[in-house]
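File shown here: run-v3.csv, holding CSV, C-alpha atoms.
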chain,number,residue,atom,x,y,z
A,1,MET,CA,0.0,0.0,0.0
A,2,PRO,CA,1.4,3.4,-0.9
A,3,ASP,CA,2.6,5.7,2.0
A,4,MET,CA,0.8,8.8,0.6
A,5,PRO,CA,-2.8,9.2,1.7
A,6,LEU,CA,-5.7,8.8,-0.6
A,7,TYR,CA,-8.1,11.7,-1.3
A,8,PRO,CA,-11.0,12.7,-3.7
A,9,LEU,CA,-9.8,12.4,-7.3
A,10,LYS,CA,-10.7,15.0,-9.9
A,11,LEU,CA,-10.6,13.6,-13.4
A,12,GLU,CA,-9.5,14.9,-16.8
A,13,PRO,CA,-12.4,14.9,-19.4
A,14,ILE,CA,-11.9,12.7,-22.5
A,15,TYR,CA,-13.6,14.5,-25.4
A,16,LYS,CA,-15.2,12.8,-28.3
A,17,ALA,CA,-16.0,14.5,-31.6
A,18,LYS,CA,-19.4,13.5,-33.0
A,19,VAL,CA,-21.4,14.5,-36.1
A,20,TRP,CA,-24.2,15.6,-33.8
A,21,GLY,CA,-22.1,17.5,-31.3
A,22,GLY,CA,-21.5,21.1,-30.7
A,23,ARG,CA,-19.7,23.6,-28.4
A,24,ARG,CA,-22.0,23.7,-25.4
A,25,PHE,CA,-19.4,22.2,-23.1
A,26,GLU,CA,-17.8,25.6,-23.2
A,27,THR,CA,-20.6,26.7,-20.8
A,28,LEU,CA,-18.9,24.4,-18.2
A,29,ASP,CA,-15.7,26.6,-18.4
A,30,ARG,CA,-14.0,24.0,-20.7
A,31,ASP,CA,-11.2,24.6,-23.1
A,32,LEU,CA,-12.4,22.4,-26.0
A,33,PRO,CA,-10.5,20.9,-28.8
A,34,ASP,CA,-11.5,22.0,-32.3
A,35,GLY,CA,-14.6,20.5,-33.9
A,36,ASP,CA,-18.1,19.4,-32.9
A,37,ILE,CA,-17.7,17.8,-29.5
A,38,GLY,CA,-20.6,15.5,-28.6
A,39,GLU,CA,-19.3,13.6,-25.5
A,40,SER,CA,-17.1,14.3,-22.6
A,41,TRP,CA,-16.2,11.1,-20.7
A,42,GLU,CA,-15.9,12.2,-17.1
A,43,LEU,CA,-15.1,8.8,-15.5
A,44,ALA,CA,-14.0,6.0,-17.7
A,45,ASP,CA,-12.1,2.8,-17.0
A,46,LEU,CA,-12.7,0.6,-20.1
A,47,SER,CA,-10.4,-2.1,-21.3
A,48,THR,CA,-12.0,-2.0,-24.7
A,49,THR,CA,-14.3,0.4,-26.5
A,50,SER,CA,-16.7,0.0,-29.5
A,51,ALA,CA,-15.1,0.4,-32.9
A,52,SER,CA,-18.5,1.6,-34.2
A,53,GLY,CA,-18.2,4.6,-31.8
A,54,GLY,CA,-14.8,5.5,-33.0
A,55,GLY,CA,-13.0,3.5,-30.3
A,56,GLY,CA,-11.6,0.0,-30.2
A,57,GLY,CA,-8.9,0.4,-27.6
A,58,ALA,CA,-8.8,1.0,-23.8
A,59,GLU,CA,-10.1,4.3,-22.5
A,60,ARG,CA,-9.1,5.3,-18.9
A,61,SER,CA,-9.6,8.6,-17.0
A,62,VAL,CA,-6.6,10.4,-15.7
A,63,VAL,CA,-6.4,12.1,-12.3
A,64,THR,CA,-5.7,15.9,-12.3
A,65,ASN,CA,-5.1,16.8,-8.7
A,66,GLY,CA,-2.7,15.9,-5.9
A,67,HIS,CA,0.3,13.6,-5.9
A,68,LEU,CA,-1.6,11.1,-8.0
A,69,ALA,CA,-2.0,13.6,-10.9
A,70,GLY,CA,-1.2,11.9,-14.2
A,71,GLN,CA,-2.1,8.4,-13.2
A,72,THR,CA,-5.2,6.7,-14.5
A,73,VAL,CA,-8.1,5.6,-12.3
A,74,HIS,CA,-7.0,2.0,-13.1
A,75,ASP,CA,-3.5,2.7,-11.8
A,76,VAL,CA,-4.9,4.1,-8.6
A,77,MET,CA,-7.2,1.1,-8.2
A,78,LYS,CA,-4.3,-1.3,-8.5
A,79,ALA,CA,-2.1,0.7,-6.1
A,80,TYR,CA,-4.7,1.4,-3.4
A,81,GLY,CA,-7.2,-1.5,-3.7
A,82,ARG,CA,-9.8,-1.5,-0.9
A,83,ASP,CA,-8.7,2.0,0.2
A,84,LEU,CA,-10.3,3.3,-3.1
A,85,LEU,CA,-12.8,0.5,-3.8
A,86,GLY,CA,-14.0,-0.7,-0.4
A,87,ASP,CA,-16.1,-3.9,-1.1
A,88,LEU,CA,-17.1,-2.8,-4.6
A,89,PRO,CA,-16.7,-5.6,-7.1
A,90,LEU,CA,-15.1,-4.7,-10.4
A,91,THR,CA,-16.2,-5.8,-13.9
A,92,GLU,CA,-15.1,-9.2,-15.4
A,93,SER,CA,-12.3,-7.3,-17.1
A,94,GLY,CA,-11.1,-5.8,-13.7
A,95,ASP,CA,-12.4,-2.3,-14.6
A,96,PHE,CA,-14.3,0.2,-12.5
A,97,PRO,CA,-18.1,-0.6,-12.8
A,98,LEU,CA,-19.4,2.8,-13.9
A,99,LEU,CA,-19.1,5.2,-16.9
A,100,VAL,CA,-20.0,8.8,-16.5
A,101,LYS,CA,-20.3,11.3,-19.3
A,102,PHE,CA,-21.7,14.7,-20.4
A,103,LEU,CA,-23.5,14.6,-23.8
A,104,ASP,CA,-24.1,17.7,-26.0
A,105,ALA,CA,-26.7,17.1,-28.7
A,106,ASN,CA,-26.5,20.0,-31.2
A,107,GLU,CA,-28.4,17.7,-33.5
A,108,ASN,CA,-30.5,14.5,-32.9
A,109,LEU,CA,-28.5,11.5,-31.9
A,110,SER,CA,-29.1,8.3,-33.8
A,111,VAL,CA,-32.0,6.2,-32.7
A,112,GLN,CA,-30.3,3.4,-30.9
A,113,VAL,CA,-30.6,0.6,-28.5
A,114,HIS,CA,-28.1,-1.1,-26.2
A,115,PRO,CA,-27.8,-4.8,-25.8
A,116,SER,CA,-30.5,-6.6,-23.8
A,117,ALA,CA,-29.5,-9.0,-21.1
A,118,ASP,CA,-30.4,-12.0,-23.3
A,119,TYR,CA,-28.3,-10.6,-26.2
A,120,ALA,CA,-25.3,-9.8,-24.1
A,121,ALA,CA,-25.4,-13.3,-22.5
A,122,THR,CA,-25.1,-14.9,-26.0
A,123,HIS,CA,-22.7,-12.5,-27.7
A,124,ASP,CA,-19.2,-12.2,-26.2
A,125,ASP,CA,-18.6,-8.8,-27.9
A,126,ALA,CA,-21.7,-7.2,-26.5
A,127,TYR,CA,-22.1,-5.8,-23.0
A,128,LEU,CA,-25.2,-4.8,-21.0
A,129,LYS,CA,-25.7,-1.0,-21.0
A,130,SER,CA,-28.3,0.6,-18.8
A,131,GLU,CA,-28.0,4.4,-18.4
A,132,CYS,CA,-29.8,7.5,-17.2
A,133,TRP,CA,-29.9,11.1,-18.2
A,134,TYR,CA,-30.0,14.2,-16.0
A,135,VAL,CA,-30.9,17.2,-18.2
A,136,VAL,CA,-28.4,19.9,-17.5
A,137,ALA,CA,-29.6,22.4,-20.2
A,138,ALA,CA,-32.3,22.3,-22.9
A,139,ASN,CA,-33.4,24.6,-25.6
A,140,VAL,CA,-37.1,25.7,-25.8
A,141,ASP,CA,-39.2,22.8,-27.2
A,142,ALA,CA,-36.3,20.3,-26.9
A,143,ALA,CA,-37.2,16.7,-26.4
A,144,ILE,CA,-35.8,13.1,-26.1
A,145,TYR,CA,-37.1,9.9,-27.7
A,146,LYS,CA,-37.7,7.1,-25.2
A,147,GLY,CA,-39.3,3.9,-26.2
A,148,VAL,CA,-41.7,2.9,-29.0
A,149,LYS,CA,-45.4,3.6,-29.1
A,150,ALA,CA,-47.8,1.0,-27.8
A,151,GLY,CA,-48.9,-1.5,-30.5
A,152,THR,CA,-45.7,-1.2,-32.5
A,153,THR,CA,-44.6,-4.6,-33.8
A,154,PRO,CA,-41.1,-5.6,-35.0
A,155,ASP,CA,-42.5,-5.9,-38.6
A,156,ARG,CA,-44.0,-2.4,-38.4
A,157,PHE,CA,-40.8,-1.0,-37.1
A,158,ARG,CA,-38.7,-2.6,-39.8
A,159,ARG,CA,-41.0,-1.1,-42.4
A,160,ALA,CA,-40.6,2.3,-40.8
A,161,ILE,CA,-36.8,2.0,-41.0
A,162,ALA,CA,-37.1,1.2,-44.7
A,163,ASP,CA,-39.4,4.2,-45.5
A,164,ASN,CA,-37.8,6.7,-43.1
A,165,THR,CA,-40.8,7.0,-40.8
A,166,VAL,CA,-39.2,5.7,-37.5
A,167,GLU,CA,-39.9,9.0,-35.8
A,168,ASP,CA,-43.6,8.4,-36.1
A,169,LEU,CA,-43.3,5.3,-33.9
A,170,LEU,CA,-41.1,6.8,-31.1
A,171,ILE,CA,-42.4,8.3,-27.9
A,172,ARG,CA,-41.3,11.9,-27.9
A,173,ILE,CA,-40.9,13.5,-24.4
A,174,PRO,CA,-40.4,17.3,-24.0
A,175,VAL,CA,-37.6,18.0,-21.5
A,176,GLU,CA,-36.2,20.9,-19.5
A,177,ALA,CA,-33.2,21.4,-17.2
A,178,GLY,CA,-33.6,19.3,-14.0
A,179,ASP,CA,-35.5,16.4,-15.7
A,180,PHE,CA,-34.3,12.9,-15.2
A,181,HIS,CA,-34.8,9.7,-17.3
A,182,TYR,CA,-33.8,6.1,-16.8
A,183,LEU,CA,-33.0,4.1,-20.0
A,184,PRO,CA,-32.6,0.4,-19.2
A,185,SER,CA,-30.9,-1.9,-21.7
A,186,GLY,CA,-33.3,-2.7,-24.5
A,187,THR,CA,-34.9,0.8,-24.6
A,188,CYS,CA,-35.0,2.3,-28.1
A,189,HIS,CA,-34.0,5.9,-27.6
A,190,ALA,CA,-32.4,9.1,-28.9
A,191,LEU,CA,-31.3,12.4,-27.4
A,192,GLY,CA,-32.9,15.2,-29.2
A,193,ALA,CA,-31.3,18.3,-30.6
A,194,GLY,CA,-30.6,21.2,-28.1
A,195,VAL,CA,-30.2,19.0,-25.0
A,196,MET,CA,-27.2,18.6,-22.8
A,197,VAL,CA,-27.2,15.8,-20.2
A,198,ALA,CA,-25.1,14.2,-17.6
A,199,GLU,CA,-25.2,10.5,-18.2
A,200,VAL,CA,-24.5,7.7,-15.7
A,201,GLN,CA,-24.3,4.2,-17.1
A,202,THR,CA,-22.9,0.7,-16.8
A,203,PRO,CA,-19.4,0.5,-18.2
A,204,SER,CA,-20.2,-0.5,-21.8
A,205,ASP,CA,-19.7,1.3,-25.1
A,206,THR,CA,-21.9,-1.1,-27.1
A,207,THR,CA,-24.5,0.7,-29.1
A,208,PHE,CA,-26.6,-0.5,-32.0
A,209,ARG,CA,-27.9,2.3,-34.3
A,210,VAL,CA,-31.2,1.5,-36.0
A,211,TYR,CA,-31.9,4.9,-37.6
A,212,ASP,CA,-29.8,8.0,-38.2
A,213,TRP,CA,-32.2,10.8,-39.3
A,214,GLY,CA,-31.1,10.6,-43.0
A,215,ARG,CA,-27.4,11.0,-42.2
A,216,THR,CA,-25.2,8.8,-44.3
A,217,GLY,CA,-21.7,7.4,-43.8
A,218,ARG,CA,-22.3,5.8,-40.4
A,219,GLU,CA,-22.9,2.1,-39.9
A,220,LEU,CA,-26.4,0.9,-38.9
A,221,HIS,CA,-26.9,-2.3,-36.9
A,222,ILE,CA,-30.5,-3.1,-37.7
A,223,ASP,CA,-30.5,-6.8,-37.2
A,224,ALA,CA,-28.7,-6.6,-33.9
A,225,ALA,CA,-30.9,-3.8,-32.7
A,226,MET,CA,-34.1,-5.6,-33.6
A,227,GLN,CA,-33.0,-8.5,-31.4
A,228,CYS,CA,-32.6,-6.1,-28.5
A,229,ILE,CA,-35.5,-3.6,-28.7
A,230,ASP,CA,-38.1,-4.0,-26.0
A,231,PHE,CA,-41.4,-3.5,-27.7
A,232,GLY,CA,-43.4,-3.7,-24.5
A,233,PRO,CA,-44.0,-1.1,-21.8
A,234,LEU,CA,-40.9,0.4,-20.3
A,235,ASP,CA,-39.8,-1.1,-17.0
A,236,ALA,CA,-40.5,1.4,-14.3
A,237,SER,CA,-39.1,-0.6,-11.4
A,238,ALA,CA,-36.0,1.7,-11.1
A,239,TYR,CA,-38.3,4.6,-10.2
A,240,GLU,CA,-40.1,5.7,-7.1
A,241,PRO,CA,-41.7,9.1,-6.6
A,242,MET,CA,-38.9,11.7,-6.6
A,243,THR,CA,-38.7,11.6,-2.8
A,244,ARG,CA,-37.0,14.4,-1.0
A,245,VAL,CA,-35.2,14.1,2.3
A,246,GLU,CA,-34.5,17.5,3.9
A,247,GLY,CA,-31.7,18.0,6.5
A,248,ASP,CA,-29.8,20.9,7.9
A,249,HIS,CA,-29.2,23.2,4.9
A,250,ALA,CA,-29.4,20.2,2.4
A,251,VAL,CA,-31.9,18.4,0.3
A,252,ARG,CA,-31.4,14.9,-1.1
A,253,THR,CA,-33.7,13.8,-4.0
A,254,PHE,CA,-33.9,10.2,-5.0
A,255,LEU,CA,-33.7,9.8,-8.8
A,256,CYS,CA,-33.0,6.2,-9.8
A,257,ARG,CA,-32.2,2.7,-8.4
A,258,ASN,CA,-31.2,-0.4,-10.3
A,259,ASP,CA,-28.9,-3.4,-9.8
A,260,TYR,CA,-25.8,-1.4,-10.9
A,261,PHE,CA,-26.1,2.1,-9.5
A,262,HIS,CA,-28.2,4.5,-7.4
A,263,VAL,CA,-28.4,8.2,-8.3
A,264,HIS,CA,-29.5,11.1,-6.0
A,265,ARG,CA,-29.4,14.8,-6.5
A,266,VAL,CA,-27.9,16.7,-3.5
A,267,GLU,CA,-28.7,20.4,-3.1
A,268,VAL,CA,-27.0,22.4,-0.3
A,269,GLU,CA,-27.3,25.9,0.8
A,270,ALA,CA,-24.5,28.5,1.0
A,271,ASN,CA,-23.9,27.9,4.8
A,272,PHE,CA,-23.8,24.1,4.5
A,273,LEU,CA,-21.1,22.2,6.4
A,274,GLY,CA,-21.2,18.4,6.2
A,275,ASP,CA,-19.3,15.1,6.5
A,276,CYS,CA,-17.7,13.4,3.5
A,277,ALA,CA,-17.3,9.9,4.8
A,278,TYR,CA,-18.9,7.0,2.9
A,279,GLY,CA,-18.7,3.3,3.3
A,280,GLU,CA,-18.0,2.7,-0.4
A,281,PRO,CA,-16.7,4.8,-3.3
A,282,VAL,CA,-19.0,7.5,-4.5
A,283,VAL,CA,-19.0,9.5,-7.7
A,284,TRP,CA,-20.0,13.2,-7.7
A,285,THR,CA,-21.0,15.0,-10.9
A,286,VAL,CA,-21.1,18.7,-9.9
A,287,LEU,CA,-23.9,20.6,-11.6
A,288,LYS,CA,-23.9,24.0,-9.9
A,289,GLY,CA,-21.8,26.1,-7.5
A,290,GLY,CA,-18.6,24.7,-5.9
A,291,GLY,CA,-16.7,24.3,-2.7
A,292,MET,CA,-14.0,22.3,-0.9
A,293,ILE,CA,-13.6,18.9,0.6
A,294,ILE,CA,-11.3,19.4,3.6
A,295,CYS,CA,-9.6,16.0,4.0
A,296,GLY,CA,-7.2,16.2,7.0
A,297,GLN,CA,-4.9,13.4,8.0
A,298,GLY,CA,-2.2,14.6,5.6
A,299,ALA,CA,-4.4,14.4,2.5
A,300,PRO,CA,-4.7,17.5,0.3
A,301,ASP,CA,-7.9,19.5,0.4
A,302,VAL,CA,-9.9,19.4,-2.9
A,303,GLN,CA,-11.5,22.4,-4.5
A,304,PHE,CA,-14.5,21.6,-6.8
A,305,ARG,CA,-16.8,23.5,-9.1
A,306,ALA,CA,-19.6,23.0,-11.6
A,307,GLY,CA,-18.8,20.7,-14.5
A,308,GLN,CA,-16.3,18.5,-12.6
A,309,THR,CA,-16.5,14.9,-11.7
A,310,ILE,CA,-15.0,13.5,-8.5
A,311,LEU,CA,-14.3,10.0,-7.4
A,312,VAL,CA,-14.6,10.1,-3.6
A,313,PRO,CA,-12.9,7.2,-1.7
A,314,PRO,CA,-14.6,5.5,1.2
A,315,ASP,CA,-13.9,6.2,4.8
A,316,LEU,CA,-12.4,9.7,4.6
A,317,ALA,CA,-12.6,9.9,8.4
A,318,ARG,CA,-13.1,13.4,9.7
A,319,SER,CA,-13.3,15.0,6.3
A,320,ARG,CA,-15.7,17.9,5.8
A,321,ILE,CA,-17.5,19.6,2.9
A,322,THR,CA,-17.9,23.4,2.7
A,323,VAL,CA,-19.4,25.3,-0.2
A,324,HIS,CA,-19.0,28.8,-1.7
A,325,GLY,CA,-22.7,29.3,-2.4
A,326,PRO,CA,-25.7,27.2,-3.3
A,327,THR,CA,-24.3,24.0,-4.8
A,328,THR,CA,-25.8,20.9,-6.5
A,329,TRP,CA,-24.3,17.6,-7.5
A,330,LEU,CA,-25.4,14.2,-8.6
A,331,GLU,CA,-24.3,11.5,-6.2
A,332,THR,CA,-23.9,8.0,-7.7
A,333,THR,CA,-23.5,5.1,-5.3
A,334,PHE,CA,-23.7,1.3,-5.7
A,335,PRO,CA,-26.3,-1.1,-4.5
A,336,GLN,CA,-24.0,-2.6,-1.8
A,337,ALA,CA,-22.8,0.9,-0.7
A,338,LYS,CA,-22.7,1.6,3.1
A,339,ARG,CA,-22.8,5.3,3.3
A,340,THR,CA,-23.5,8.2,5.6
A,341,ARG,CA,-26.0,10.5,3.9
A,342,LEU,CA,-25.6,14.2,3.8
A,343,ALA,CA,-29.3,14.7,4.4

Translate the structure of the given file into structure tokens.
Amino acid sequence: MPDMPLYPLKLEPIYKAKVWGGRRFETLDRDLPDGDIGESWELADLSTTSASGGGGGAERSVVTNGHLAGQTVHDVMKAYGRDLLGDLPLTESGDFPLLVKFLDANENLSVQVHPSADYAATHDDAYLKSECWYVVAANVDAAIYKGVKAGTTPDRFRRAIADNTVEDLLIRIPVEAGDFHYLPSGTCHALGAGVMVAEVQTPSDTTFRVYDWGRTGRELHIDAAMQCIDFGPLDASAYEPMTRVEGDHAVRTFLCRNDYFHVHRVEVEANFLGDCAYGEPVVWTVLKGGGMIICGQGAPDVQFRAGQTILVPPDLARSRITVHGPTTWLETTFPQAKRTRLA
């Protein structure tokens, strides 16, 4: 075990140019590379990525703060073990079991689906991918597409692909900042133009495009997609009413629960002072405001602000959180997490 203490890890974004991307990440105080940037991978630890998405090799986030700056999350996992992971099991490839992104849809994303459990179980190159979207910003009249309309059959859907009428069969849902949507594997979906979201998902980059809004030059995966699309009602088991738990100067709102991750929104007031000690690793996606995690015990304090993603190790004894003003973050934990809640 290294002699230097562990502390909350801030991570370098990994930018992905996309035909549907734009420049909206600049609103997060980002210095973007040239081009239309559609994705910012905030926490990634993937041994392999999808060739259809422009990948094919490993993709791993790099730490930007403290004495671990320049090391990948994977490096830190191997060096610190349980001090970073607690009892959290890794993927079969030995990778961190979560992928966090920001997405900027300047144009509609392709209509797509991720492998169903049955498909992933019978195809070694496909991995289950359940995800959720928290809407960070949205233009007036912006929308997402989530699921297919009742009564749609696979044959009818194939005909719609052939005659470019797929949009008529999709469920269009208007969205605005603060909305949240869960998209389990098998859900046919698309992010609509003018929407920026924070995305939390299982660590898979497997996507099957079934329709691309008339764009040419990108591969479609119609046969695979048709094997995965759930043509029945969407599974709502991950949802409960958006329950709010109020504490001293803090509000926690439940957003999503599944077998792979739990997501809450935490909103704190300007005079908030709270503990930062969890029983398992926790991922923060900071949406508004900023502050500091005061670590103590020889570990460096960590400043944070909107647009940053932070991997918080478990058991940061006697650490505290202070904020500079009203601050909001998404807090992603794991089903087996043993944590002390902020509210």

- request: Grab the atom CA of Glu42 of chain A to atom CA of Thr309 of chain A distance for me, in Å with one decimal place.
  value: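 The value is 6.1 Å.
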
task: Enter the distance from atom CA of Arg257 of chain A to atom CA of Ser130 of chain A, in Å, rounded to one decimal.
output: 11.3 Å

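Proximity of A:Phe231, A:Thr91, A:Leu103, A:Arg218 to Tyr15 of chain A, computed with all atoms listed in the file, is greatest for A:Leu103.
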
- request: Determine the nearest neighbour of Phe96 of chain A from the options A:Glu131, A:Asp179, A:Asp83, A:Asp45, counting all atoms listed in the file.
  value: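 Between A:Glu131, A:Asp179, A:Asp83, A:Asp45, the residue approaching Phe96 of chain A most closely is A:Asp45.
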
query: For Cys276 of chain A, which of A:Ile37, A:Pro326, A:Tyr7, A:Tyr260 is the closest residue, counting only C-alpha atoms?
result: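 Result for the nearest residue to Cys276 of chain A: A:Tyr7.
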
query: Nearest to Ala190 of chain A: which of A:Val175, A:Val111, A:Leu68, A:Ala150 is it, counting only C-alpha atoms?
result: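 Once distances to Ala190 of chain A are computed over only C-alpha atoms, the minimum belongs to A:Val111.
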
message: If we draw a sphere of 12 Å around (-14.5, 5.3, -0.6), which residues have at least one atom in it when counting all atoms listed in the file? Please report them as a PyMOL selection string.
response: chain A and resi 6-9+77+80-88+276-284+310-317+319+333-334+337-340

Distance query 12 Å from (-22.0, 3.1, -18.3) using all atoms listed in the file, result as number ranges by chain: A: 41-46, 49, 91, 95-102, 114, 127-133, 183-185, 198-207, 260-261, 332

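The closest residue to Pro115 of chain A, picked from A:Gln227, A:Arg23, A:Gly151, A:His189 and counting all atoms listed in the file, is A:Gln227.
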
- line: Min atom-atom distance to Arg209 of chain A from the set A:Ser110, A:Gly21, A:Met196, A:Ala177, counting all atoms listed in the file, belongs to A:Ser110

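The protein and nucleic acid residues lying at most 12 Å from Trp20 of chain A are Lys16, Ala17, Arg23, Arg24, Gly35, Asp36, Ile37, Gly38, Glu39, Leu103, Asp104, Ala105, Asn106, Glu107, Asn108, Leu109, Ser110, Ala190, Leu191, Gly192, Ala193, Gly194, Val195, Met196, Asp212, Trp213, Arg215 and Arg218 of chain A, with all atoms listed in the file considered and sequence neighbours fewer than 3 positions away removed.
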
message: One number please: atom CA of His264 of chain A to atom CA of Val197 of chain A, in Å, one decimal.
response: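 These two atoms are separated by 15.1 Å.
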
Please report as JSON lines every residue of segment 310-333 of chain A lying within 9 Å of segment 286-292 of chain A, along with the nearest atom pair and their distance in Å (one decimal), using all atoms listed in the file.
{"residue": "A:Ile310", "atom": "CA", "partner": "A:Val286", "partner_atom": "CA", "distance": 8.1}
{"residue": "A:Arg320", "atom": "CA", "partner": "A:Met292", "partner_atom": "CA", "distance": 8.2}
{"residue": "A:Ile321", "atom": "CA", "partner": "A:Met292", "partner_atom": "CA", "distance": 5.8}
{"residue": "A:Thr322", "atom": "CA", "partner": "A:Met292", "partner_atom": "CA", "distance": 5.4}
{"residue": "A:Val323", "atom": "CA", "partner": "A:Gly291", "partner_atom": "CA", "distance": 3.8}
{"residue": "A:His324", "atom": "CA", "partner": "A:Gly291", "partner_atom": "CA", "distance": 5.2}
{"residue": "A:Gly325", "atom": "CA", "partner": "A:Gly289", "partner_atom": "CA", "distance": 6.1}
{"residue": "A:Pro326", "atom": "CA", "partner": "A:Gly289", "partner_atom": "CA", "distance": 5.8}
{"residue": "A:Thr327", "atom": "CA", "partner": "A:Gly289", "partner_atom": "CA", "distance": 4.2}
{"residue": "A:Thr328", "atom": "CA", "partner": "A:Lys288", "partner_atom": "CA", "distance": 5.0}
{"residue": "A:Trp329", "atom": "CA", "partner": "A:Val286", "partner_atom": "CA", "distance": 4.1}
{"residue": "A:Leu330", "atom": "CA", "partner": "A:Val286", "partner_atom": "CA", "distance": 6.4}
{"residue": "A:Glu331", "atom": "CA", "partner": "A:Val286", "partner_atom": "CA", "distance": 8.7}

Can you complete the atoms of segment 280-296 of chain A to N, CA and C atoms and list them as a PDB file, keeping the file's coordinate frame?
ATOM      1  N   GLU A 280     -18.417   3.218   0.924  1.00  0.00           N
ATOM      2  CA  GLU A 280     -18.000   2.700  -0.400  1.00  0.00           C
ATOM      3  C   GLU A 280     -17.630   3.897  -1.258  1.00  0.00           C
ATOM      4  N   PRO A 281     -16.954   3.674  -2.382  1.00  0.00           N
ATOM      5  CA  PRO A 281     -16.700   4.800  -3.300  1.00  0.00           C
ATOM      6  C   PRO A 281     -17.955   5.451  -3.775  1.00  0.00           C
ATOM      7  N   VAL A 282     -17.884   6.758  -3.995  1.00  0.00           N
ATOM      8  CA  VAL A 282     -19.000   7.500  -4.500  1.00  0.00           C
ATOM      9  C   VAL A 282     -18.526   8.444  -5.585  1.00  0.00           C
ATOM     10  N   VAL A 283     -19.378   8.650  -6.596  1.00  0.00           N
ATOM     11  CA  VAL A 283     -19.000   9.500  -7.700  1.00  0.00           C
ATOM     12  C   VAL A 283     -19.901  10.763  -7.655  1.00  0.00           C
ATOM     13  N   TRP A 284     -19.255  11.919  -7.664  1.00  0.00           N
ATOM     14  CA  TRP A 284     -20.000  13.200  -7.700  1.00  0.00           C
ATOM     15  C   TRP A 284     -19.869  13.745  -9.143  1.00  0.00           C
ATOM     16  N   THR A 285     -21.001  14.242  -9.657  1.00  0.00           N
ATOM     17  CA  THR A 285     -21.000  15.000 -10.900  1.00  0.00           C
ATOM     18  C   THR A 285     -21.571  16.408 -10.466  1.00  0.00           C
ATOM     19  N   VAL A 286     -20.704  17.396 -10.417  1.00  0.00           N
ATOM     20  CA  VAL A 286     -21.100  18.700  -9.900  1.00  0.00           C
ATOM     21  C   VAL A 286     -21.818  19.499 -10.945  1.00  0.00           C
ATOM     22  N   LEU A 287     -23.020  19.946 -10.626  1.00  0.00           N
ATOM     23  CA  LEU A 287     -23.900  20.600 -11.600  1.00  0.00           C
ATOM     24  C   LEU A 287     -23.951  22.130 -11.385  1.00  0.00           C
ATOM     25  N   LYS A 288     -23.765  22.579 -10.163  1.00  0.00           N
ATOM     26  CA  LYS A 288     -23.900  24.000  -9.900  1.00  0.00           C
ATOM     27  C   LYS A 288     -23.062  24.347  -8.650  1.00  0.00           C
ATOM     28  N   GLY A 289     -22.506  25.574  -8.658  1.00  0.00           N
ATOM     29  CA  GLY A 289     -21.800  26.100  -7.500  1.00  0.00           C
ATOM     30  C   GLY A 289     -20.391  25.462  -7.377  1.00  0.00           C
ATOM     31  N   GLY A 290     -19.955  25.264  -6.141  1.00  0.00           N
ATOM     32  CA  GLY A 290     -18.600  24.700  -5.900  1.00  0.00           C
ATOM     33  C   GLY A 290     -18.269  24.858  -4.434  1.00  0.00           C
ATOM     34  N   GLY A 291     -17.120  24.308  -4.076  1.00  0.00           N
ATOM     35  CA  GLY A 291     -16.700  24.300  -2.700  1.00  0.00           C
ATOM     36  C   GLY A 291     -15.400  23.612  -2.478  1.00  0.00           C
ATOM     37  N   MET A 292     -15.265  23.032  -1.290  1.00  0.00           N
ATOM     38  CA  MET A 292     -14.000  22.300  -0.900  1.00  0.00           C
ATOM     39  C   MET A 292     -14.328  21.129  -0.082  1.00  0.00           C
ATOM     40  N   ILE A 293     -13.596  20.056  -0.330  1.00  0.00           N
ATOM     41  CA  ILE A 293     -13.600  18.900   0.600  1.00  0.00           C
ATOM     42  C   ILE A 293     -12.306  19.027   1.397  1.00  0.00           C
ATOM     43  N   ILE A 294     -12.473  19.219   2.705  1.00  0.00           N
ATOM     44  CA  ILE A 294     -11.300  19.400   3.600  1.00  0.00           C
ATOM     45  C   ILE A 294     -11.029  17.985   4.176  1.00  0.00           C
ATOM     46  N   CYS A 295      -9.893  17.434   3.787  1.00  0.00           N
ATOM     47  CA  CYS A 295      -9.600  16.000   4.000  1.00  0.00           C
ATOM     48  C   CYS A 295      -8.945  15.756   5.375  1.00  0.00           C
ATOM     49  N   GLY A 296      -7.911  16.518   5.735  1.00  0.00           N
ATOM     50  CA  GLY A 296      -7.200  16.200   7.000  1.00  0.00           C
ATOM     51  C   GLY A 296      -6.332  14.995   6.837  1.00  0.00           C
TER      52      GLY A 296
END
